[in-house]
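Here's the structure, in C-alpha coordinates; my notes come after.
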Amino acid sequence: MGGADPPGSAGKVRSRSAAFLVTAVAAAAVLGFGIFRKEIGEVLLNAALL
Amino acid sequence: MGAILPNAYAQGFLSASLYQGSLKSACTPLLNCHACPSALFSCPIGTLQHFMATGNVPYYGIGTLSVIGSGVGRMTCGTLCPFGALQDLLYKFRAWKVSIPPWTRYLRYAVLVGLVFAIPYATRENWFSKLCPMGTLTAGLPWVAMNPGVRSMIRSLFWVKISILLFFVTTSTMVKRPFCRAVCPLGAILSFFNKTSFLQLAWNPDTCSRCGKCRKICPVDIRPDRKPTDPDCLRCLDCTRCPSLSLTTVFHKEPFGEPVIPKRVAQGM
(Lines give C-alpha, C1' and ligand atoms only; values in the text may rest on other atoms or scores of the structure.)
Protein backbone atom coordinates (compact mmCIF):
# COMPACT_ATOMS: atom_id res chain seq x y z
CA MET A 1 0.00 0.00 0.00
CA GLY A 2 1.25 3.42 -0.87
CA GLY A 3 3.44 5.84 0.99
CA ALA A 4 6.40 5.60 3.32
CA ASP A 5 5.94 3.79 6.62
CA PRO A 6 5.22 5.97 9.60
CA PRO A 7 8.11 6.36 12.04
CA GLY A 8 8.51 3.33 14.28
CA SER A 9 6.23 1.06 12.27
CA ALA A 10 9.07 -1.35 11.36
CA GLY A 11 9.90 -1.74 15.05
CA LYS A 12 6.25 -2.35 15.86
CA VAL A 13 6.02 -5.00 13.16
CA ARG A 14 9.16 -6.68 14.54
CA SER A 15 7.89 -6.66 18.14
CA ARG A 16 4.47 -7.91 17.03
CA SER A 17 6.05 -10.71 15.00
CA ALA A 18 8.20 -11.69 17.98
CA ALA A 19 5.13 -11.61 20.25
CA PHE A 20 3.28 -13.87 17.81
CA LEU A 21 6.15 -16.38 17.71
CA VAL A 22 6.46 -16.46 21.52
CA THR A 23 2.68 -16.86 21.91
CA ALA A 24 2.47 -19.60 19.30
CA VAL A 25 5.33 -21.59 20.82
CA ALA A 26 3.91 -21.20 24.35
CA ALA A 27 0.44 -22.24 23.12
CA ALA A 28 1.83 -25.32 21.38
CA ALA A 29 3.81 -26.21 24.52
CA VAL A 30 0.70 -25.97 26.74
CA LEU A 31 -1.33 -28.05 24.27
CA GLY A 32 1.48 -30.61 24.03
CA PHE A 33 1.66 -30.84 27.83
CA GLY A 34 -2.09 -31.41 27.98
CA ILE A 35 -1.84 -34.21 25.41
CA PHE A 36 1.15 -35.68 27.30
CA ARG A 37 -0.99 -35.76 30.46
CA LYS A 38 -3.58 -37.78 28.50
CA GLU A 39 -6.25 -35.13 29.07
CA ILE A 40 -7.81 -36.03 25.71
CA GLY A 41 -9.33 -39.16 27.24
CA GLU A 42 -10.92 -37.20 30.04
CA VAL A 43 -12.29 -34.64 27.56
CA LEU A 44 -13.87 -37.49 25.60
CA LEU A 45 -15.39 -39.02 28.74
CA ASN A 46 -16.81 -35.65 29.83
CA ALA A 47 -18.10 -34.53 26.41
CA ALA A 48 -19.63 -37.88 25.47
CA LEU A 49 -21.21 -38.02 28.95
CA LEU A 50 -20.03 -41.61 29.29
CA MET B 1 -21.21 -23.62 8.13
CA GLY B 2 -20.21 -23.22 11.78
CA ALA B 3 -23.61 -24.49 12.83
CA ILE B 4 -23.61 -27.47 10.47
CA LEU B 5 -20.07 -28.89 10.64
CA PRO B 6 -19.78 -29.36 14.43
CA ASN B 7 -23.39 -30.57 14.55
CA ALA B 8 -23.34 -33.09 11.72
CA TYR B 9 -24.42 -36.11 13.80
CA ALA B 10 -28.07 -35.94 12.69
CA GLN B 11 -28.59 -39.50 13.92
CA GLY B 12 -28.45 -38.12 17.46
CA PHE B 13 -31.81 -36.42 16.97
CA LEU B 14 -33.33 -39.44 15.24
CA SER B 15 -32.26 -41.93 17.89
CA ALA B 16 -32.24 -39.53 20.87
CA SER B 17 -28.63 -40.39 21.64
CA LEU B 18 -25.26 -38.64 21.88
CA TYR B 19 -22.29 -39.09 19.57
CA GLN B 20 -19.62 -40.90 21.59
CA GLY B 21 -16.87 -41.31 18.99
CA SER B 22 -13.27 -40.11 19.11
CA LEU B 23 -14.05 -36.69 17.56
CA LYS B 24 -15.61 -35.73 20.91
CA SER B 25 -12.09 -35.55 22.33
CA ALA B 26 -11.42 -32.43 20.22
CA CYS B 27 -12.57 -28.98 21.36
CA THR B 28 -14.16 -26.68 18.78
CA PRO B 29 -13.21 -23.00 19.03
CA LEU B 30 -16.95 -22.25 19.02
CA LEU B 31 -19.68 -22.02 21.60
CA ASN B 32 -21.22 -25.35 20.66
CA CYS B 33 -22.72 -27.49 23.43
CA HIS B 34 -21.40 -31.06 23.50
CA ALA B 35 -24.64 -32.24 25.10
CA CYS B 36 -26.49 -31.37 21.87
CA PRO B 37 -27.65 -34.67 20.30
CA SER B 38 -25.97 -33.80 16.99
CA ALA B 39 -22.67 -32.45 18.40
CA LEU B 40 -19.52 -34.09 17.04
CA PHE B 41 -16.97 -32.15 19.11
CA SER B 42 -16.63 -31.00 22.69
CA CYS B 43 -17.34 -27.49 23.97
CA PRO B 44 -14.10 -25.76 25.04
CA ILE B 45 -15.81 -23.89 27.88
CA GLY B 46 -17.44 -27.11 29.12
CA THR B 47 -14.01 -28.75 29.02
CA LEU B 48 -12.33 -25.95 30.98
CA GLN B 49 -15.05 -26.06 33.63
CA HIS B 50 -14.88 -29.84 33.92
CA PHE B 51 -11.15 -29.71 34.69
CA MET B 52 -11.61 -26.85 37.17
CA ALA B 53 -14.48 -28.68 38.86
CA THR B 54 -12.26 -31.74 39.27
CA GLY B 55 -9.45 -29.60 40.69
CA ASN B 56 -7.12 -29.87 37.66
CA VAL B 57 -5.51 -27.31 35.39
CA PRO B 58 -7.07 -27.64 31.89
CA TYR B 59 -3.83 -27.63 29.86
CA TYR B 60 -5.42 -29.31 26.85
CA GLY B 61 -8.38 -26.90 26.68
CA ILE B 62 -6.26 -23.79 27.26
CA GLY B 63 -3.64 -25.08 24.81
CA THR B 64 -6.20 -25.76 22.07
CA LEU B 65 -7.74 -22.30 22.39
CA SER B 66 -4.30 -20.66 22.58
CA VAL B 67 -3.09 -22.37 19.41
CA ILE B 68 -6.24 -21.33 17.54
CA GLY B 69 -6.15 -17.83 19.04
CA SER B 70 -2.50 -17.30 18.13
CA GLY B 71 -3.35 -18.30 14.58
CA VAL B 72 -6.55 -16.41 13.85
CA GLY B 73 -7.47 -14.39 16.97
CA ARG B 74 -11.26 -14.16 17.32
CA MET B 75 -11.95 -15.11 13.72
CA THR B 76 -13.88 -18.23 14.71
CA CYS B 77 -16.29 -15.97 16.68
CA GLY B 78 -16.93 -13.84 13.62
CA THR B 79 -17.08 -16.50 10.95
CA LEU B 80 -18.05 -19.88 12.46
CA CYS B 81 -19.82 -19.52 15.83
CA PRO B 82 -23.44 -20.71 15.51
CA PHE B 83 -24.63 -18.59 18.45
CA GLY B 84 -23.01 -15.52 16.91
CA ALA B 85 -24.73 -16.25 13.60
CA LEU B 86 -28.06 -16.58 15.41
CA GLN B 87 -27.55 -13.17 17.05
CA ASP B 88 -26.66 -11.63 13.67
CA LEU B 89 -29.85 -13.08 12.23
CA LEU B 90 -31.99 -11.81 15.10
CA TYR B 91 -30.55 -8.30 14.73
CA LYS B 92 -31.99 -8.17 11.21
CA PHE B 93 -35.51 -8.13 12.70
CA ARG B 94 -37.19 -4.78 12.67
CA ALA B 95 -37.00 -3.63 16.29
CA TRP B 96 -35.93 -0.73 18.45
CA LYS B 97 -32.11 -0.54 18.06
CA VAL B 98 -29.87 0.49 20.96
CA SER B 99 -26.15 0.41 21.63
CA ILE B 100 -24.61 -0.92 24.82
CA PRO B 101 -21.98 1.02 26.81
CA PRO B 102 -18.32 0.08 26.17
CA TRP B 103 -17.72 -0.99 29.79
CA THR B 104 -19.94 -4.05 29.26
CA ARG B 105 -17.01 -5.67 27.41
CA TYR B 106 -15.31 -6.24 30.77
CA LEU B 107 -18.22 -8.36 32.00
CA ARG B 108 -17.08 -11.25 29.81
CA TYR B 109 -13.75 -11.37 31.68
CA ALA B 110 -15.66 -11.49 34.96
CA VAL B 111 -17.79 -14.35 33.56
CA LEU B 112 -14.62 -16.17 32.46
CA VAL B 113 -12.88 -15.84 35.81
CA GLY B 114 -16.00 -16.34 37.93
CA LEU B 115 -18.29 -18.82 36.19
CA VAL B 116 -15.68 -20.80 34.23
CA PHE B 117 -12.71 -20.95 36.61
CA ALA B 118 -13.32 -19.82 40.22
CA ILE B 119 -16.89 -20.95 40.97
CA PRO B 120 -16.58 -24.40 39.30
CA TYR B 121 -13.32 -24.93 41.24
CA ALA B 122 -14.97 -23.91 44.53
CA THR B 123 -18.30 -25.68 44.07
CA ARG B 124 -17.25 -28.65 41.87
CA GLU B 125 -20.14 -27.77 39.53
CA ASN B 126 -20.07 -26.50 35.92
CA TRP B 127 -21.96 -23.27 36.55
CA PHE B 128 -21.50 -21.60 33.19
CA SER B 129 -22.81 -24.68 31.38
CA LYS B 130 -25.81 -24.80 33.70
CA LEU B 131 -26.78 -21.27 32.60
CA CYS B 132 -25.41 -21.12 29.03
CA PRO B 133 -28.13 -20.00 26.56
CA MET B 134 -26.48 -21.96 23.73
CA GLY B 135 -26.65 -25.10 25.89
CA THR B 136 -30.32 -24.44 26.61
CA LEU B 137 -31.10 -23.94 22.93
CA THR B 138 -29.17 -26.86 21.46
CA ALA B 139 -29.20 -29.38 24.31
CA GLY B 140 -31.70 -28.48 27.06
CA LEU B 141 -34.72 -27.88 24.84
CA PRO B 142 -34.13 -30.82 22.43
CA TRP B 143 -33.63 -33.27 25.31
CA VAL B 144 -36.74 -32.02 27.10
CA ALA B 145 -38.72 -32.39 23.87
CA MET B 146 -37.36 -35.85 23.03
CA ASN B 147 -37.06 -37.60 26.37
CA PRO B 148 -39.94 -37.95 28.90
CA GLY B 149 -37.40 -38.94 31.57
CA VAL B 150 -35.62 -35.62 31.17
CA ARG B 151 -38.98 -33.78 31.24
CA SER B 152 -39.74 -35.31 34.61
CA MET B 153 -36.48 -33.89 35.98
CA ILE B 154 -37.32 -30.25 35.18
CA ARG B 155 -36.72 -28.02 38.18
CA SER B 156 -36.57 -24.25 38.73
CA LEU B 157 -33.06 -24.08 37.20
CA PHE B 158 -34.51 -25.02 33.82
CA TRP B 159 -36.81 -22.00 33.88
CA VAL B 160 -33.86 -19.78 34.85
CA LYS B 161 -32.03 -21.13 31.78
CA ILE B 162 -35.06 -20.49 29.58
CA SER B 163 -35.29 -16.93 30.94
CA ILE B 164 -31.61 -16.30 30.14
CA LEU B 165 -32.09 -17.67 26.61
CA LEU B 166 -35.18 -15.51 26.06
CA PHE B 167 -33.32 -12.47 27.40
CA PHE B 168 -30.53 -12.88 24.85
CA VAL B 169 -32.94 -13.71 22.02
CA THR B 170 -34.89 -10.53 22.77
CA THR B 171 -31.86 -8.27 23.27
CA SER B 172 -30.25 -9.63 20.07
CA THR B 173 -33.05 -8.04 18.06
CA MET B 174 -32.12 -4.65 19.55
CA VAL B 175 -28.36 -4.83 20.21
CA LYS B 176 -25.63 -6.18 17.92
CA ARG B 177 -24.32 -9.48 19.36
CA PRO B 178 -25.03 -8.75 23.06
CA PHE B 179 -23.87 -12.18 24.26
CA CYS B 180 -20.56 -12.08 22.34
CA ARG B 181 -19.75 -8.59 23.57
CA ALA B 182 -20.75 -8.79 27.21
CA VAL B 183 -20.84 -12.42 28.29
CA CYS B 184 -19.03 -14.97 26.12
CA PRO B 185 -16.05 -16.44 28.03
CA LEU B 186 -14.74 -18.09 24.86
CA GLY B 187 -14.57 -14.70 23.18
CA ALA B 188 -12.83 -13.37 26.29
CA ILE B 189 -10.08 -15.98 25.94
CA LEU B 190 -9.64 -15.53 22.18
CA SER B 191 -9.65 -11.73 22.50
CA PHE B 192 -6.28 -11.92 24.32
CA PHE B 193 -4.73 -13.05 21.03
CA ASN B 194 -6.12 -10.39 18.66
CA LYS B 195 -3.00 -8.22 19.01
CA THR B 196 -0.46 -10.91 18.31
CA SER B 197 -2.28 -13.47 16.15
CA PHE B 198 -0.83 -14.58 12.82
CA LEU B 199 -3.78 -13.16 10.88
CA GLN B 200 -4.25 -9.43 11.34
CA LEU B 201 -6.51 -6.71 10.06
CA ALA B 202 -4.57 -3.97 8.27
CA TRP B 203 -5.72 -0.41 7.75
CA ASN B 204 -4.37 1.81 5.01
CA PRO B 205 -4.45 5.47 6.09
CA ASP B 206 -3.68 6.64 2.55
CA THR B 207 -6.94 5.36 1.09
CA CYS B 208 -9.20 5.83 4.15
CA SER B 209 -11.70 8.68 3.79
CA ARG B 210 -12.84 8.41 7.43
CA CYS B 211 -16.43 7.96 6.32
CA GLY B 212 -17.19 5.71 9.32
CA LYS B 213 -19.02 3.09 7.26
CA CYS B 214 -16.79 0.38 8.73
CA ARG B 215 -18.28 1.12 12.16
CA LYS B 216 -21.83 0.95 10.81
CA ILE B 217 -21.32 -2.52 9.33
CA CYS B 218 -19.22 -3.79 12.26
CA PRO B 219 -21.24 -6.37 14.27
CA VAL B 220 -19.67 -5.15 17.52
CA ASP B 221 -19.69 -1.39 16.86
CA ILE B 222 -15.93 -0.84 16.91
CA ARG B 223 -13.88 1.40 14.62
CA PRO B 224 -11.55 -0.95 12.69
CA ASP B 225 -9.82 2.08 11.18
CA ARG B 226 -8.84 3.40 14.60
CA LYS B 227 -7.79 0.12 16.20
CA PRO B 228 -7.67 -2.91 13.86
CA THR B 229 -6.31 -5.08 16.68
CA ASP B 230 -9.16 -4.23 19.08
CA PRO B 231 -9.84 -7.18 21.45
CA ASP B 232 -13.53 -6.78 20.61
CA CYS B 233 -12.94 -7.33 16.88
CA LEU B 234 -14.51 -10.63 15.81
CA ARG B 235 -12.52 -10.76 12.54
CA CYS B 236 -15.76 -11.31 10.65
CA LEU B 237 -14.10 -9.38 7.79
CA ASP B 238 -17.31 -7.48 6.99
CA CYS B 239 -15.29 -4.25 7.08
CA THR B 240 -12.84 -5.55 4.46
CA ARG B 241 -15.48 -4.65 1.88
CA CYS B 242 -13.82 -1.24 2.21
CA PRO B 243 -10.51 -1.18 0.28
CA SER B 244 -8.81 0.60 3.19
CA LEU B 245 -9.13 -2.48 5.38
CA SER B 246 -7.71 -5.87 4.49
CA LEU B 247 -6.68 -9.15 6.00
CA THR B 248 -2.95 -9.60 6.34
CA THR B 249 -0.40 -11.42 8.50
CA VAL B 250 1.60 -10.30 11.49
CA PHE B 251 4.76 -10.33 9.35
CA HIS B 252 3.33 -7.92 6.80
CA LYS B 253 4.90 -4.47 6.85
CA GLU B 254 1.80 -2.35 7.29
CA PRO B 255 0.85 0.36 9.75
CA PHE B 256 -1.77 -1.65 11.60
CA GLY B 257 -2.63 -1.53 15.24
CA GLU B 258 -2.23 2.16 16.03
CA PRO B 259 -4.15 5.15 14.75
CA VAL B 260 -1.86 6.85 12.25
CA ILE B 261 -2.63 10.33 10.93
CA PRO B 262 -3.41 10.00 7.21
CA LYS B 263 -0.69 11.58 5.07
CA ARG B 264 -3.03 13.99 3.34
CA VAL B 265 -4.35 15.21 6.70
CA ALA B 266 -0.78 15.57 8.00
CA GLN B 267 0.17 17.52 4.89
CA GLY B 268 -2.75 19.88 5.43
CA MET B 269 -1.67 20.65 8.99
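Letters A, B, ... go to the chains of the C-alpha coordinates in the order shown; residues in each chain start at 1; ligands are counted from 1 in the same order.
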
Any idea which chain B residues end up within 7 Å of chain A if we count only C-alpha atoms, as a list in words please?
Leu18, Tyr19, Gln20, Lys24, Ser25, His34, Ser42, Thr47, Tyr59, Tyr60, Gly63, Thr64, Ser66, Val67, Ser70, Thr196, Ser197, Phe198, Asn204, Asp206, Val250, Phe251, Lys253 and Pro255 of chain B

List the neighbours of Arg241 (chain B) out to 12 Å using only C-alpha atoms; skip same-chain residues closer than 3 positions along the sequence, and give me the result as a ChimeraX atom specification.
/B:213-214,217-218,236-238,244-247

Once you have the residues from the selection above, write them out as a PDB file, in the first residue's frame, restricted to all heavy atoms.
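Below is the file that was written, out.pdb:
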```pdb
ATOM      1  N   LYS B 213     -18.135   4.182   7.661  1.00  0.00           N
ATOM      2  CA  LYS B 213     -19.023   3.091   7.256  1.00  0.00           C
ATOM      3  C   LYS B 213     -18.592   1.772   7.881  1.00  0.00           C
ATOM      4  O   LYS B 213     -19.420   0.900   8.129  1.00  0.00           O
ATOM      5  CB  LYS B 213     -19.032   2.957   5.731  1.00  0.00           C
ATOM      6  CG  LYS B 213     -19.984   3.904   5.043  1.00  0.00           C
ATOM      7  CD  LYS B 213     -19.991   3.687   3.546  1.00  0.00           C
ATOM      8  CE  LYS B 213     -20.755   4.796   2.847  1.00  0.00           C
ATOM      9  NZ  LYS B 213     -20.427   4.891   1.428  1.00  0.00           N
ATOM     10  N   CYS B 214     -17.290   1.635   8.141  1.00  0.00           N
ATOM     11  CA  CYS B 214     -16.792   0.383   8.732  1.00  0.00           C
ATOM     12  C   CYS B 214     -17.414   0.170  10.120  1.00  0.00           C
ATOM     13  O   CYS B 214     -17.682  -0.953  10.516  1.00  0.00           O
ATOM     14  CB  CYS B 214     -15.272   0.357   8.782  1.00  0.00           C
ATOM     15  SG  CYS B 214     -14.517   1.793   9.541  1.00  0.00           S
ATOM     16  N   ILE B 217     -21.118  -1.108   9.695  1.00  0.00           N
ATOM     17  CA  ILE B 217     -21.324  -2.516   9.334  1.00  0.00           C
ATOM     18  C   ILE B 217     -20.680  -3.469  10.341  1.00  0.00           C
ATOM     19  O   ILE B 217     -20.937  -4.664  10.304  1.00  0.00           O
ATOM     20  CB  ILE B 217     -20.809  -2.834   7.908  1.00  0.00           C
ATOM     21  CG1 ILE B 217     -19.322  -2.498   7.766  1.00  0.00           C
ATOM     22  CG2 ILE B 217     -21.619  -2.105   6.866  1.00  0.00           C
ATOM     23  CD1 ILE B 217     -18.748  -2.971   6.433  1.00  0.00           C
ATOM     24  N   CYS B 218     -19.884  -2.919  11.271  1.00  0.00           N
ATOM     25  CA  CYS B 218     -19.224  -3.792  12.255  1.00  0.00           C
ATOM     26  C   CYS B 218     -20.257  -4.410  13.201  1.00  0.00           C
ATOM     27  O   CYS B 218     -21.069  -3.696  13.779  1.00  0.00           O
ATOM     28  CB  CYS B 218     -18.217  -2.986  13.063  1.00  0.00           C
ATOM     29  SG  CYS B 218     -17.440  -3.972  14.352  1.00  0.00           S
ATOM     30  N   CYS B 236     -14.736 -10.794  11.556  1.00  0.00           N
ATOM     31  CA  CYS B 236     -15.762 -11.310  10.653  1.00  0.00           C
ATOM     32  C   CYS B 236     -15.452 -10.899   9.219  1.00  0.00           C
ATOM     33  O   CYS B 236     -16.007 -11.440   8.273  1.00  0.00           O
ATOM     34  CB  CYS B 236     -17.139 -10.789  11.056  1.00  0.00           C
ATOM     35  SG  CYS B 236     -17.276  -8.994  10.946  1.00  0.00           S
ATOM     36  N   LEU B 237     -14.574  -9.893   9.083  1.00  0.00           N
ATOM     37  CA  LEU B 237     -14.099  -9.384   7.787  1.00  0.00           C
ATOM     38  C   LEU B 237     -15.173  -8.628   7.004  1.00  0.00           C
ATOM     39  O   LEU B 237     -14.983  -8.364   5.824  1.00  0.00           O
ATOM     40  CB  LEU B 237     -13.489 -10.511   6.930  1.00  0.00           C
ATOM     41  CG  LEU B 237     -12.411 -11.357   7.619  1.00  0.00           C
ATOM     42  CD1 LEU B 237     -11.865 -12.386   6.658  1.00  0.00           C
ATOM     43  CD2 LEU B 237     -11.294 -10.491   8.167  1.00  0.00           C
ATOM     44  N   ASP B 238     -16.287  -8.281   7.665  1.00  0.00           N
ATOM     45  CA  ASP B 238     -17.308  -7.481   6.991  1.00  0.00           C
ATOM     46  C   ASP B 238     -16.726  -6.137   6.546  1.00  0.00           C
ATOM     47  O   ASP B 238     -17.057  -5.635   5.477  1.00  0.00           O
ATOM     48  CB  ASP B 238     -18.505  -7.224   7.923  1.00  0.00           C
ATOM     49  CG  ASP B 238     -19.402  -8.449   8.045  1.00  0.00           C
ATOM     50  OD1 ASP B 238     -19.122  -9.446   7.349  1.00  0.00           O
ATOM     51  OD2 ASP B 238     -20.361  -8.409   8.835  1.00  0.00           O
ATOM     52  N   SER B 244      -9.803   0.136   2.228  1.00  0.00           N
ATOM     53  CA  SER B 244      -8.805   0.598   3.195  1.00  0.00           C
ATOM     54  C   SER B 244      -8.490  -0.444   4.261  1.00  0.00           C
ATOM     55  O   SER B 244      -7.525  -0.308   5.002  1.00  0.00           O
ATOM     56  CB  SER B 244      -9.301   1.859   3.903  1.00  0.00           C
ATOM     57  OG  SER B 244      -9.487   2.868   2.982  1.00  0.00           O
ATOM     58  N   LEU B 245      -9.336  -1.436   4.369  1.00  0.00           N
ATOM     59  CA  LEU B 245      -9.127  -2.478   5.385  1.00  0.00           C
ATOM     60  C   LEU B 245      -8.950  -3.829   4.686  1.00  0.00           C
ATOM     61  O   LEU B 245      -9.695  -4.158   3.771  1.00  0.00           O
ATOM     62  CB  LEU B 245     -10.317  -2.533   6.339  1.00  0.00           C
ATOM     63  CG  LEU B 245     -10.398  -1.349   7.296  1.00  0.00           C
ATOM     64  CD1 LEU B 245     -11.824  -1.076   7.693  1.00  0.00           C
ATOM     65  CD2 LEU B 245      -9.546  -1.606   8.529  1.00  0.00           C
ATOM     66  N   SER B 246      -7.958  -4.569   5.126  1.00  0.00           N
ATOM     67  CA  SER B 246      -7.711  -5.869   4.489  1.00  0.00           C
ATOM     68  C   SER B 246      -7.135  -6.847   5.500  1.00  0.00           C
ATOM     69  O   SER B 246      -6.605  -6.449   6.538  1.00  0.00           O
ATOM     70  CB  SER B 246      -6.757  -5.703   3.304  1.00  0.00           C
ATOM     71  OG  SER B 246      -5.544  -5.156   3.770  1.00  0.00           O
ATOM     72  N   LEU B 247      -7.246  -8.112   5.142  1.00  0.00           N
ATOM     73  CA  LEU B 247      -6.682  -9.154   6.002  1.00  0.00           C
ATOM     74  C   LEU B 247      -5.228  -9.361   5.610  1.00  0.00           C
ATOM     75  O   LEU B 247      -4.906  -9.446   4.431  1.00  0.00           O
ATOM     76  CB  LEU B 247      -7.475 -10.460   5.810  1.00  0.00           C
ATOM     77  CG  LEU B 247      -7.172 -11.579   6.805  1.00  0.00           C
ATOM     78  CD1 LEU B 247      -7.611 -11.196   8.202  1.00  0.00           C
ATOM     79  CD2 LEU B 247      -7.869 -12.872   6.386  1.00  0.00           C
TER      80      LEU B 247
END
```

From a DSSP calculation on the backbone, collect every residue of region 80-117 of chain B in helix (DSSP H, G or I) and output the set as a ChimeraX atom specification.
/B:82-91,102-117

File dump, residues just selected, N, CA and C atoms, as a tab-separated table (two decimals), in the first residue's frame:
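Saved to again-v6.tsv:
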```
chain	number	residue	atom	x	y	z
B	82	PRO	N	-22.01	-20.65	15.81
B	82	PRO	CA	-23.44	-20.71	15.51
B	82	PRO	C	-24.27	-19.75	16.36
B	83	PHE	N	-23.84	-19.50	17.61
B	83	PHE	CA	-24.63	-18.59	18.45
B	83	PHE	C	-24.43	-17.15	17.99
B	84	GLY	N	-23.25	-16.84	17.49
B	84	GLY	CA	-23.01	-15.52	16.91
B	84	GLY	C	-23.86	-15.31	15.66
B	85	ALA	N	-23.92	-16.35	14.83
B	85	ALA	CA	-24.73	-16.25	13.60
B	85	ALA	C	-26.20	-16.06	13.94
B	86	LEU	N	-26.66	-16.73	15.00
B	86	LEU	CA	-28.06	-16.58	15.41
B	86	LEU	C	-28.32	-15.13	15.85
B	87	GLN	N	-27.38	-14.56	16.60
B	87	GLN	CA	-27.55	-13.17	17.05
B	87	GLN	C	-27.55	-12.20	15.87
B	88	ASP	N	-26.68	-12.46	14.88
B	88	ASP	CA	-26.66	-11.63	13.67
B	88	ASP	C	-28.01	-11.68	12.95
B	89	LEU	N	-28.56	-12.88	12.90
B	89	LEU	CA	-29.85	-13.08	12.23
B	89	LEU	C	-30.96	-12.34	12.97
B	90	LEU	N	-30.95	-12.46	14.30
B	90	LEU	CA	-31.99	-11.81	15.10
B	90	LEU	C	-31.92	-10.29	14.99
B	91	TYR	N	-30.70	-9.76	14.82
B	91	TYR	CA	-30.55	-8.30	14.73
B	91	TYR	C	-31.16	-7.75	13.46
B	102	PRO	N	-19.58	0.82	26.39
B	102	PRO	CA	-18.32	0.08	26.17
B	102	PRO	C	-17.85	-0.73	27.39
B	103	TRP	N	-18.21	-0.28	28.61
B	103	TRP	CA	-17.72	-0.99	29.79
B	103	TRP	C	-18.25	-2.42	29.89
B	104	THR	N	-19.35	-2.70	29.17
B	104	THR	CA	-19.94	-4.05	29.26
B	104	THR	C	-18.99	-5.13	28.73
B	105	ARG	N	-17.97	-4.69	27.93
B	105	ARG	CA	-17.01	-5.67	27.41
B	105	ARG	C	-16.24	-6.37	28.54
B	106	TYR	N	-16.09	-5.66	29.67
B	106	TYR	CA	-15.31	-6.24	30.77
B	106	TYR	C	-16.08	-7.32	31.52
B	107	LEU	N	-17.40	-7.34	31.32
B	107	LEU	CA	-18.22	-8.36	32.00
B	107	LEU	C	-17.81	-9.77	31.57
B	108	ARG	N	-17.42	-9.90	30.29
B	108	ARG	CA	-17.08	-11.25	29.81
B	108	ARG	C	-15.84	-11.81	30.52
B	109	TYR	N	-14.93	-10.90	30.94
B	109	TYR	CA	-13.75	-11.37	31.68
B	109	TYR	C	-14.16	-11.81	33.08
B	110	ALA	N	-15.14	-11.09	33.64
B	110	ALA	CA	-15.66	-11.49	34.96
B	110	ALA	C	-16.36	-12.85	34.87
B	111	VAL	N	-17.11	-13.06	33.77
B	111	VAL	CA	-17.79	-14.35	33.56
B	111	VAL	C	-16.73	-15.46	33.42
B	112	LEU	N	-15.67	-15.17	32.67
B	112	LEU	CA	-14.62	-16.17	32.46
B	112	LEU	C	-13.97	-16.56	33.79
B	113	VAL	N	-13.57	-15.55	34.55
B	113	VAL	CA	-12.88	-15.84	35.81
B	113	VAL	C	-13.85	-16.45	36.83
B	114	GLY	N	-15.05	-15.89	36.92
B	114	GLY	CA	-16.00	-16.34	37.93
B	114	GLY	C	-16.68	-17.66	37.58
B	115	LEU	N	-17.43	-17.66	36.48
B	115	LEU	CA	-18.29	-18.82	36.19
B	115	LEU	C	-17.55	-19.99	35.53
B	116	VAL	N	-16.39	-19.71	34.91
B	116	VAL	CA	-15.68	-20.80	34.23
B	116	VAL	C	-14.55	-21.36	35.08
B	117	PHE	N	-13.86	-20.47	35.83
B	117	PHE	CA	-12.71	-20.95	36.61
B	117	PHE	C	-13.00	-21.02	38.12
```

For a test of reading the model, state the distance in Å between CA of Cys208 (chain B) and CA of Cys77 (chain B), rounded to one decimal.
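Pair CA of Cys208 (chain B) / CA of Cys77 (chain B) returns 26.1 Å.
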
Coordinates-based distance that separates CA of Asn194 (chain B) from CA of Thr136 (chain B) (Å, one decimal)
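CA of Asn194 (chain B) lies 29.1 Å from CA of Thr136 (chain B).
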
CA of Leu186 (chain B) and CA of Thr76 (chain B), how far apart in Å?
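Interatomic distance, CA of Thr76 (chain B) to CA of Leu186 (chain B): 10.2 Å.
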
Using only C-alpha atoms, which residue out of B:Lys161, B:Arg124, B:Arg226, B:His50 lies closest to Gly212 (chain B)?
B:Arg226

Which parts of region 120-202 of chain B does DSSP call strand (DSSP E or B) when run on the backbone here, written out as JSON, numbers by chain?
{"B": [199, 200, 201, 202]}

Pull N, CA, C and O atoms from the residues just selected and write them as a short mmCIF file (atom, residue, chain, number, x, y, z; two decimals), in the first residue's frame.
```cif
data_model
loop_
_atom_site.label_atom_id
_atom_site.label_comp_id
_atom_site.auth_asym_id
_atom_site.auth_seq_id
_atom_site.Cartn_x
_atom_site.Cartn_y
_atom_site.Cartn_z
N LEU B 199 -2.94 -13.95 11.78
CA LEU B 199 -3.78 -13.16 10.88
C LEU B 199 -4.11 -11.83 11.55
O LEU B 199 -4.45 -11.79 12.72
N GLN B 200 -4.00 -10.77 10.82
CA GLN B 200 -4.25 -9.43 11.34
C GLN B 200 -5.11 -8.65 10.36
O GLN B 200 -5.14 -8.95 9.17
N LEU B 201 -5.76 -7.64 10.91
CA LEU B 201 -6.51 -6.71 10.06
C LEU B 201 -5.60 -5.50 9.82
O LEU B 201 -5.04 -4.97 10.77
N ALA B 202 -5.44 -5.12 8.57
CA ALA B 202 -4.57 -3.97 8.27
C ALA B 202 -5.41 -2.80 7.76
O ALA B 202 -6.40 -3.00 7.05
#
```
